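Reproduced below: coords-v7.txt, with compact mmCIF, C-alpha atoms.
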```txt
# COMPACT_ATOMS: atom_id res chain seq x y z
CA MET A 29 76.24 -107.30 5.27
CA ARG A 30 74.03 -104.23 4.84
CA ARG A 31 71.01 -106.28 5.84
CA PHE A 32 72.85 -107.47 8.98
CA THR A 33 73.90 -103.91 9.83
CA LYS A 34 70.31 -102.70 9.43
CA LEU A 35 69.13 -105.52 11.70
CA ILE A 36 71.66 -104.57 14.42
CA SER A 37 70.65 -100.90 14.11
CA ALA A 38 66.98 -101.82 14.41
CA ILE A 39 67.71 -103.92 17.49
CA ASN A 40 69.70 -101.07 19.08
CA VAL A 41 66.93 -98.59 18.38
CA GLY A 42 64.40 -101.01 19.84
CA LEU A 43 66.51 -101.48 22.96
CA LEU A 44 66.92 -97.74 23.36
CA MET A 45 63.17 -97.20 23.00
CA PHE A 46 62.45 -100.01 25.50
CA SER A 47 65.03 -98.61 27.92
CA SER A 48 63.56 -95.11 27.59
CA HIS A 49 60.07 -96.53 28.16
CA CYS A 50 61.25 -98.34 31.31
CA LEU A 51 62.94 -95.19 32.62
CA ALA A 52 59.81 -93.16 31.90
CA MET A 53 57.69 -95.70 33.77
CA GLN A 54 60.10 -95.67 36.71
CA SER A 55 60.14 -91.86 36.70
CA SER A 56 56.33 -91.68 36.70
CA GLU A 57 56.21 -94.08 39.64
CA THR A 58 58.72 -92.21 41.80
CA LYS A 59 57.95 -88.61 40.78
CA SER A 60 54.39 -88.45 42.10
CA LEU A 61 53.66 -87.10 45.59
CA LYS A 62 50.17 -87.75 46.97
CA PHE A 63 49.17 -84.97 49.37
CA GLY A 64 46.42 -85.79 51.86
CA TYR A 65 44.14 -82.98 52.97
CA SER A 66 40.94 -82.48 54.94
CA GLU A 67 38.09 -79.96 54.60
CA PHE A 68 39.68 -77.35 56.84
CA ALA A 69 39.22 -73.95 55.18
CA PRO A 70 41.04 -71.72 54.61
CA TYR A 71 44.06 -74.01 55.05
CA THR A 72 42.92 -76.91 52.85
CA PHE A 73 39.55 -77.57 51.22
CA THR A 74 37.77 -78.49 47.99
CA ASP A 75 36.20 -75.68 45.95
CA LYS A 76 32.89 -75.85 44.07
CA SER A 77 34.59 -77.20 40.96
CA GLY A 78 36.07 -80.10 42.93
CA ARG A 79 39.63 -78.76 42.94
CA ALA A 80 41.89 -78.92 46.00
CA VAL A 81 42.55 -75.33 47.12
CA GLY A 82 43.47 -73.35 50.23
CA ASP A 83 46.33 -71.36 51.70
CA VAL A 84 48.40 -74.43 52.56
CA THR A 85 47.28 -76.48 49.56
CA GLY A 86 48.40 -73.76 47.15
CA ILE A 87 51.85 -73.58 48.73
CA ILE A 88 52.34 -77.35 48.78
CA GLU A 89 51.16 -77.68 45.18
CA THR A 90 53.64 -75.04 44.03
CA VAL A 91 56.52 -76.45 46.10
CA VAL A 92 55.91 -80.01 44.90
CA ALA A 93 55.62 -78.99 41.24
CA LYS A 94 58.71 -76.76 41.34
CA SER A 95 60.65 -79.60 42.98
CA GLY A 96 60.00 -81.82 39.97
CA TYR A 97 57.18 -83.99 41.30
CA GLU A 98 53.60 -84.51 40.22
CA PHE A 99 51.17 -83.09 42.78
CA SER A 100 48.29 -85.47 43.51
CA PRO A 101 45.80 -84.27 46.18
CA ILE A 102 43.66 -86.79 48.07
CA ASP A 103 40.96 -85.61 50.48
CA GLY A 104 39.48 -87.32 53.52
CA PRO A 105 38.77 -86.96 57.25
CA ASN A 106 41.79 -86.47 59.51
CA ARG A 107 41.78 -89.91 61.09
CA ARG A 108 41.63 -91.67 57.73
CA LEU A 109 44.45 -89.46 56.40
CA PHE A 110 46.74 -90.34 59.31
CA ARG A 111 45.96 -94.01 58.75
CA SER A 112 46.59 -93.64 55.01
CA LEU A 113 49.96 -92.01 55.67
CA VAL A 114 51.25 -94.88 57.81
CA THR A 115 49.86 -97.49 55.39
CA ASP A 116 51.55 -95.84 52.36
CA ASP A 117 48.29 -94.77 50.65
CA ILE A 118 49.38 -91.12 50.68
CA ASP A 119 52.84 -89.58 50.81
CA LEU A 120 52.53 -86.13 52.37
CA LEU A 121 50.40 -84.60 55.11
CA MET A 122 50.45 -81.23 56.88
CA VAL A 123 50.36 -81.99 60.60
CA VAL A 124 50.99 -80.91 64.15
CA PRO A 125 53.95 -83.17 65.10
CA PHE A 126 52.77 -86.07 67.28
CA LYS A 127 53.98 -89.27 68.90
CA ASN A 128 52.12 -92.57 69.05
CA ASP A 129 52.73 -96.22 68.22
CA GLN A 130 52.72 -95.42 64.47
CA SER A 131 54.61 -92.12 64.33
CA HIS A 132 57.98 -93.87 63.83
CA LYS A 133 56.80 -94.68 60.31
CA LEU A 134 56.74 -90.96 59.45
CA ILE A 135 59.33 -88.23 59.09
CA PHE A 136 58.33 -84.80 60.38
CA GLY A 137 59.81 -81.65 58.90
CA ASP A 138 61.11 -78.86 61.10
CA LYS A 139 60.02 -75.90 58.97
CA VAL A 140 56.68 -74.25 59.82
CA PHE A 141 54.29 -73.82 56.88
CA ASP A 142 51.42 -72.29 58.89
CA THR A 143 50.01 -72.11 62.41
CA LEU A 144 46.80 -73.01 64.19
CA ASP A 145 45.76 -70.14 66.44
CA MET A 146 43.64 -71.77 69.15
CA SER A 147 41.41 -69.16 70.79
CA ILE A 148 38.29 -68.57 72.84
CA PHE A 149 35.70 -66.43 70.99
CA TRP A 150 32.65 -64.50 72.14
CA LEU A 151 30.37 -61.72 70.88
CA GLU A 152 30.85 -58.29 72.38
CA GLY A 153 27.82 -56.92 74.21
CA THR A 154 26.25 -60.30 74.90
CA THR A 155 29.01 -62.12 76.79
CA PRO A 156 31.43 -61.04 79.54
CA PRO A 157 35.00 -60.77 78.21
CA ILE A 158 37.76 -62.99 79.58
CA ASN A 159 41.53 -62.66 79.83
CA GLN A 160 42.39 -65.96 81.50
CA LEU A 161 41.21 -69.56 81.22
CA SER A 162 40.16 -69.83 84.87
CA GLN A 163 37.25 -67.50 84.10
CA LEU A 164 35.71 -70.26 81.96
CA SER A 165 35.49 -72.78 84.78
CA GLY A 166 32.00 -74.33 84.73
CA LYS A 167 30.93 -72.18 81.77
CA PRO A 168 29.26 -73.66 78.64
CA ILE A 169 31.62 -73.69 75.65
CA ILE A 170 30.99 -74.60 72.01
CA SER A 171 33.71 -76.82 70.53
CA ILE A 172 34.13 -79.09 67.54
CA ALA A 173 33.72 -82.86 67.76
CA GLY A 174 36.85 -84.87 67.04
CA TYR A 175 39.28 -82.18 68.21
CA SER A 176 41.21 -82.84 71.41
CA TYR A 177 42.58 -79.27 71.66
CA GLY A 178 45.69 -80.62 73.32
CA GLY A 179 43.67 -82.35 76.05
CA ILE A 180 42.24 -79.11 77.39
CA PHE A 181 38.90 -80.76 78.35
CA ARG A 182 40.42 -83.95 79.77
CA GLU A 183 41.11 -84.72 83.42
CA GLU A 184 43.45 -82.10 84.87
CA GLY A 185 43.10 -80.05 81.66
CA ALA A 186 42.58 -76.30 81.91
CA LEU A 187 38.89 -76.60 80.97
CA GLU A 188 38.15 -79.87 82.76
CA GLY A 189 35.09 -78.46 84.51
CA ALA A 190 33.64 -76.63 81.52
CA GLU A 191 30.35 -77.67 79.93
CA ARG A 192 31.12 -78.67 76.35
CA PHE A 193 28.67 -78.37 73.43
CA ASN A 194 30.05 -80.18 70.39
CA SER A 195 29.41 -79.00 66.84
CA GLU A 196 30.17 -81.02 63.73
CA ASN A 197 32.56 -78.53 62.13
CA HIS A 198 33.67 -74.90 62.14
CA PRO A 199 30.69 -73.57 60.10
CA SER A 200 28.18 -75.15 62.48
CA ALA A 201 30.21 -74.01 65.51
CA VAL A 202 30.19 -70.40 64.29
CA LYS A 203 26.44 -70.64 63.65
CA ALA A 204 25.91 -71.98 67.18
CA LEU A 205 27.78 -69.01 68.64
CA LEU A 206 25.66 -66.54 66.66
CA GLN A 207 22.51 -68.31 67.84
CA ASN A 208 23.68 -68.08 71.49
CA ARG A 209 23.72 -71.85 72.01
CA ALA A 210 26.58 -71.11 74.41
CA PRO A 211 28.40 -67.85 75.21
CA TYR A 212 31.91 -69.00 74.26
CA LEU A 213 33.48 -70.85 71.34
CA LEU A 214 36.77 -72.74 71.43
CA ALA A 215 38.13 -72.96 67.88
CA TYR A 216 40.90 -71.98 65.49
CA GLU A 217 41.03 -68.36 64.37
CA LYS A 218 41.43 -68.65 60.59
CA PRO A 219 38.51 -71.07 60.06
CA VAL A 220 36.28 -68.96 62.34
CA MET A 221 37.04 -65.79 60.39
CA PHE A 222 36.60 -67.64 57.10
CA TYR A 223 33.06 -68.75 57.96
CA LEU A 224 31.91 -65.73 59.99
CA ASP A 225 29.93 -63.24 57.91
CA LYS A 226 31.53 -59.79 57.76
CA PRO A 227 28.69 -57.97 59.60
CA TYR A 228 29.47 -60.05 62.71
CA GLN A 229 33.27 -59.79 62.55
CA ALA A 230 33.33 -56.33 64.14
CA SER A 231 31.63 -57.63 67.30
CA LEU A 232 33.73 -60.80 67.61
CA ARG A 233 36.25 -60.81 70.43
CA SER A 234 38.84 -63.44 71.27
CA TYR A 235 41.42 -64.58 73.78
CA SER A 236 44.37 -66.40 72.23
CA LEU A 237 45.42 -69.62 73.95
CA GLU A 238 48.20 -71.02 71.82
CA LYS A 239 49.87 -70.87 68.40
CA ILE A 240 50.44 -74.41 67.14
CA PRO A 241 52.92 -75.00 64.29
CA LEU A 242 51.97 -76.98 61.19
CA VAL A 243 54.80 -78.89 59.51
CA LEU A 244 55.05 -81.17 56.51
CA SER A 245 55.35 -84.91 57.11
CA ILE A 246 56.28 -87.67 54.68
CA ARG A 247 55.87 -91.42 54.98
CA GLY A 248 59.21 -92.98 55.87
CA SER A 249 58.86 -95.69 53.22
CA TYR A 250 58.78 -93.17 50.35
CA PRO A 251 61.98 -93.52 48.25
CA ASP A 252 64.74 -91.33 49.77
CA ALA A 253 62.08 -89.81 52.04
CA ALA A 254 64.34 -87.70 54.27
CA ASN A 255 66.07 -86.03 51.34
CA VAL A 256 62.79 -85.48 49.50
CA LEU A 257 61.39 -83.70 52.57
CA LYS A 258 64.51 -81.54 52.86
CA LYS A 259 64.24 -80.68 49.18
CA LEU A 260 60.60 -79.62 49.59
CA GLU A 261 61.41 -77.47 52.63
CA SER A 262 64.32 -75.82 50.82
CA ARG A 263 62.12 -75.06 47.83
CA TYR A 264 59.47 -73.63 50.19
CA GLU A 265 62.08 -71.23 51.62
CA GLU A 266 63.19 -70.28 48.10
CA LEU A 267 59.71 -69.73 46.64
CA PHE A 268 58.02 -68.07 49.65
CA PRO A 269 60.86 -66.18 51.42
CA GLU A 270 58.73 -63.63 53.29
CA ARG A 271 56.31 -66.22 54.61
CA PHE A 272 59.18 -68.52 55.50
CA LYS A 273 60.98 -65.78 57.47
CA GLN A 274 57.83 -64.83 59.33
CA LEU A 275 57.01 -68.40 60.38
CA ASN A 276 60.60 -69.59 60.88
CA PRO A 277 62.50 -66.67 62.45
CA SER A 278 65.07 -68.90 64.18
CA ALA A 279 65.89 -70.69 60.91
CA THR A 280 66.54 -67.45 59.05
CA ALA A 281 68.68 -66.12 61.89
CA GLU A 282 71.14 -69.01 61.64
```
Rewrite the structure of this file - the entire thing - as structure tokens.
Amino acid sequence: MRRFTKLISAINVGLLMFSSHCLAMQSSETKSLKFGYSEFAPYTFTDKSGRAVGDVTGIIETVVAKSGYEFSPIDGPNRRLFRSLVTDDIDLLMVVPFKNDQSHKLIFGDKVFDTLDMSIFWLEGTTPPINQLSQLSGKPIISIAGYSYGGIFREEGALEGAERFNSENHPSAVKALLQNRAPYLLAYEKPVMFYLDKPYQASLRSYSLEKIPLVLSIRGSYPDAANVLKKLESRYEELFPERFKQLNPSATAE
């Protein structure tokens, strides 16, 4: 009888261990959130040690971890990241909300994590200042390849007639402005200031065009995706209250 009892106890312990192992495996599968990011300093980028860093990256990493998920950053160019999000290769992406034939596969948050400040830049003393877009008609402008800037250079866009000089990225665009490749630069403020050496910052002037909100998006096929996104946004508000209030004044006024 004792031998039988010991056998039953051993079986129960084995079942409990197997059940715990299965639950642990399930938890590890559903608790990871893969965050896609591009080299877009100071928002998101990879430091010299190979670690994902940046203003936005740091916030997302903290929010994800404090929400009980494993943070897994994956870098790549923007187009590949969008494709990876709709094909379930990544889970989260910081985006400007968009609509296309694939956007129904995503869920966009409504809380702003940061903004893109699209501006025209020039160097004081070498270039005439501007205070309206019409002054740039027919003028040469440095921009960054791969950015549509909301269609500003397309037909009937505000800068349709401007002469566009494309640079590969923000560092090369800033360098082109300093070398007078063209008198004006169309770019985003934070990356420009990140890559512009301090001695030149005092002479940099700008005309702001638009503040574009950045929100968190999640692939719709992620388990309980809508509630996970709400949980992350709520934790963001809880952990970064001052930033949240500044970027989401209407939400805090409710």
If we count only C-alpha atoms and set the cut-off at 8 Å, which residues sit around range 260-265 of chain A, ignoring sequence neighbours fewer than 4 positions away in its own chain? Please answer as a tab-separated table (two decimals) with C-alpha atoms, in the coordinates of the input.
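Saved to result_26.tsv:
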```
chain	number	residue	atom	x	y	z
A	87	ILE	CA	51.85	-73.58	48.73
A	91	VAL	CA	56.52	-76.45	46.10
A	92	VAL	CA	55.91	-80.01	44.90
A	94	LYS	CA	58.71	-76.76	41.34
A	95	SER	CA	60.65	-79.60	42.98
A	137	GLY	CA	59.81	-81.65	58.90
A	139	LYS	CA	60.02	-75.90	58.97
A	256	VAL	CA	62.79	-85.48	49.50
A	269	PRO	CA	60.86	-66.18	51.42
A	272	PHE	CA	59.18	-68.52	55.50
```
Residues within 9 Å of Gly82 in chain A, please, as a PDB file with C-alpha atoms, in the frame of the given file. Count all atoms listed in the file; anything in the same chain fewer than 3 positions from it doesn't count.
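Final file, around-v4.pdb:
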```pdb
ATOM      1  CA  PHE A  68      39.680 -77.350  56.840  1.00  0.00           C
ATOM      2  CA  ALA A  69      39.220 -73.950  55.180  1.00  0.00           C
ATOM      3  CA  PRO A  70      41.040 -71.720  54.610  1.00  0.00           C
ATOM      4  CA  TYR A  71      44.060 -74.010  55.050  1.00  0.00           C
ATOM      5  CA  THR A  72      42.920 -76.910  52.850  1.00  0.00           C
ATOM      6  CA  PHE A  73      39.550 -77.570  51.220  1.00  0.00           C
ATOM      7  CA  THR A  74      37.770 -78.490  47.990  1.00  0.00           C
ATOM      8  CA  ASP A  75      36.200 -75.680  45.950  1.00  0.00           C
ATOM      9  CA  THR A  85      47.280 -76.480  49.560  1.00  0.00           C
ATOM     10  CA  GLY A  86      48.400 -73.760  47.150  1.00  0.00           C
ATOM     11  CA  ILE A  87      51.850 -73.580  48.730  1.00  0.00           C
TER      12      ILE A  87
END
```
Counting all atoms listed in the file, I want the residues whose atoms come within 12 Å of (41.8, -88.3, 59.0) in the file frame, returned as a list in words.
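Collected hits near the coordinates: Gly64, Tyr65, Ser66, Glu67, Phe68, Ile102, Asp103, Gly104, Pro105, Asn106, Arg107, Arg108, Leu109, Phe110, Arg111, Ser112, Leu113, Val114, Ile118, Leu121, Met122, Val123, Gly174 and Tyr175 of chain A.
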Serialized selection, C-alpha atoms, as a compact mmCIF listing (two decimals), in the coordinates of the input:
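Once everything was written out, this is out-v5.txt:
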```txt
# COMPACT_ATOMS: atom_id res chain seq x y z
CA GLY A 64 46.42 -85.79 51.86
CA TYR A 65 44.14 -82.98 52.97
CA SER A 66 40.94 -82.48 54.94
CA GLU A 67 38.09 -79.96 54.60
CA PHE A 68 39.68 -77.35 56.84
CA ILE A 102 43.66 -86.79 48.07
CA ASP A 103 40.96 -85.61 50.48
CA GLY A 104 39.48 -87.32 53.52
CA PRO A 105 38.77 -86.96 57.25
CA ASN A 106 41.79 -86.47 59.51
CA ARG A 107 41.78 -89.91 61.09
CA ARG A 108 41.63 -91.67 57.73
CA LEU A 109 44.45 -89.46 56.40
CA PHE A 110 46.74 -90.34 59.31
CA ARG A 111 45.96 -94.01 58.75
CA SER A 112 46.59 -93.64 55.01
CA LEU A 113 49.96 -92.01 55.67
CA VAL A 114 51.25 -94.88 57.81
CA ILE A 118 49.38 -91.12 50.68
CA LEU A 121 50.40 -84.60 55.11
CA MET A 122 50.45 -81.23 56.88
CA VAL A 123 50.36 -81.99 60.60
CA GLY A 174 36.85 -84.87 67.04
CA TYR A 175 39.28 -82.18 68.21
```
Record the distance separating CA of Thr155 in chain A and CA of Ala210 in chain A, expressed in Å with one decimal.
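Spanning CA of Thr155 in chain A to CA of Ala210 in chain A is a straight-line distance of 9.6 Å.
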So how many Å separate CA of Asn276 in chain A and CA of Ala93 in chain A, to one decimal?
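These two atoms are separated by 22.3 Å.
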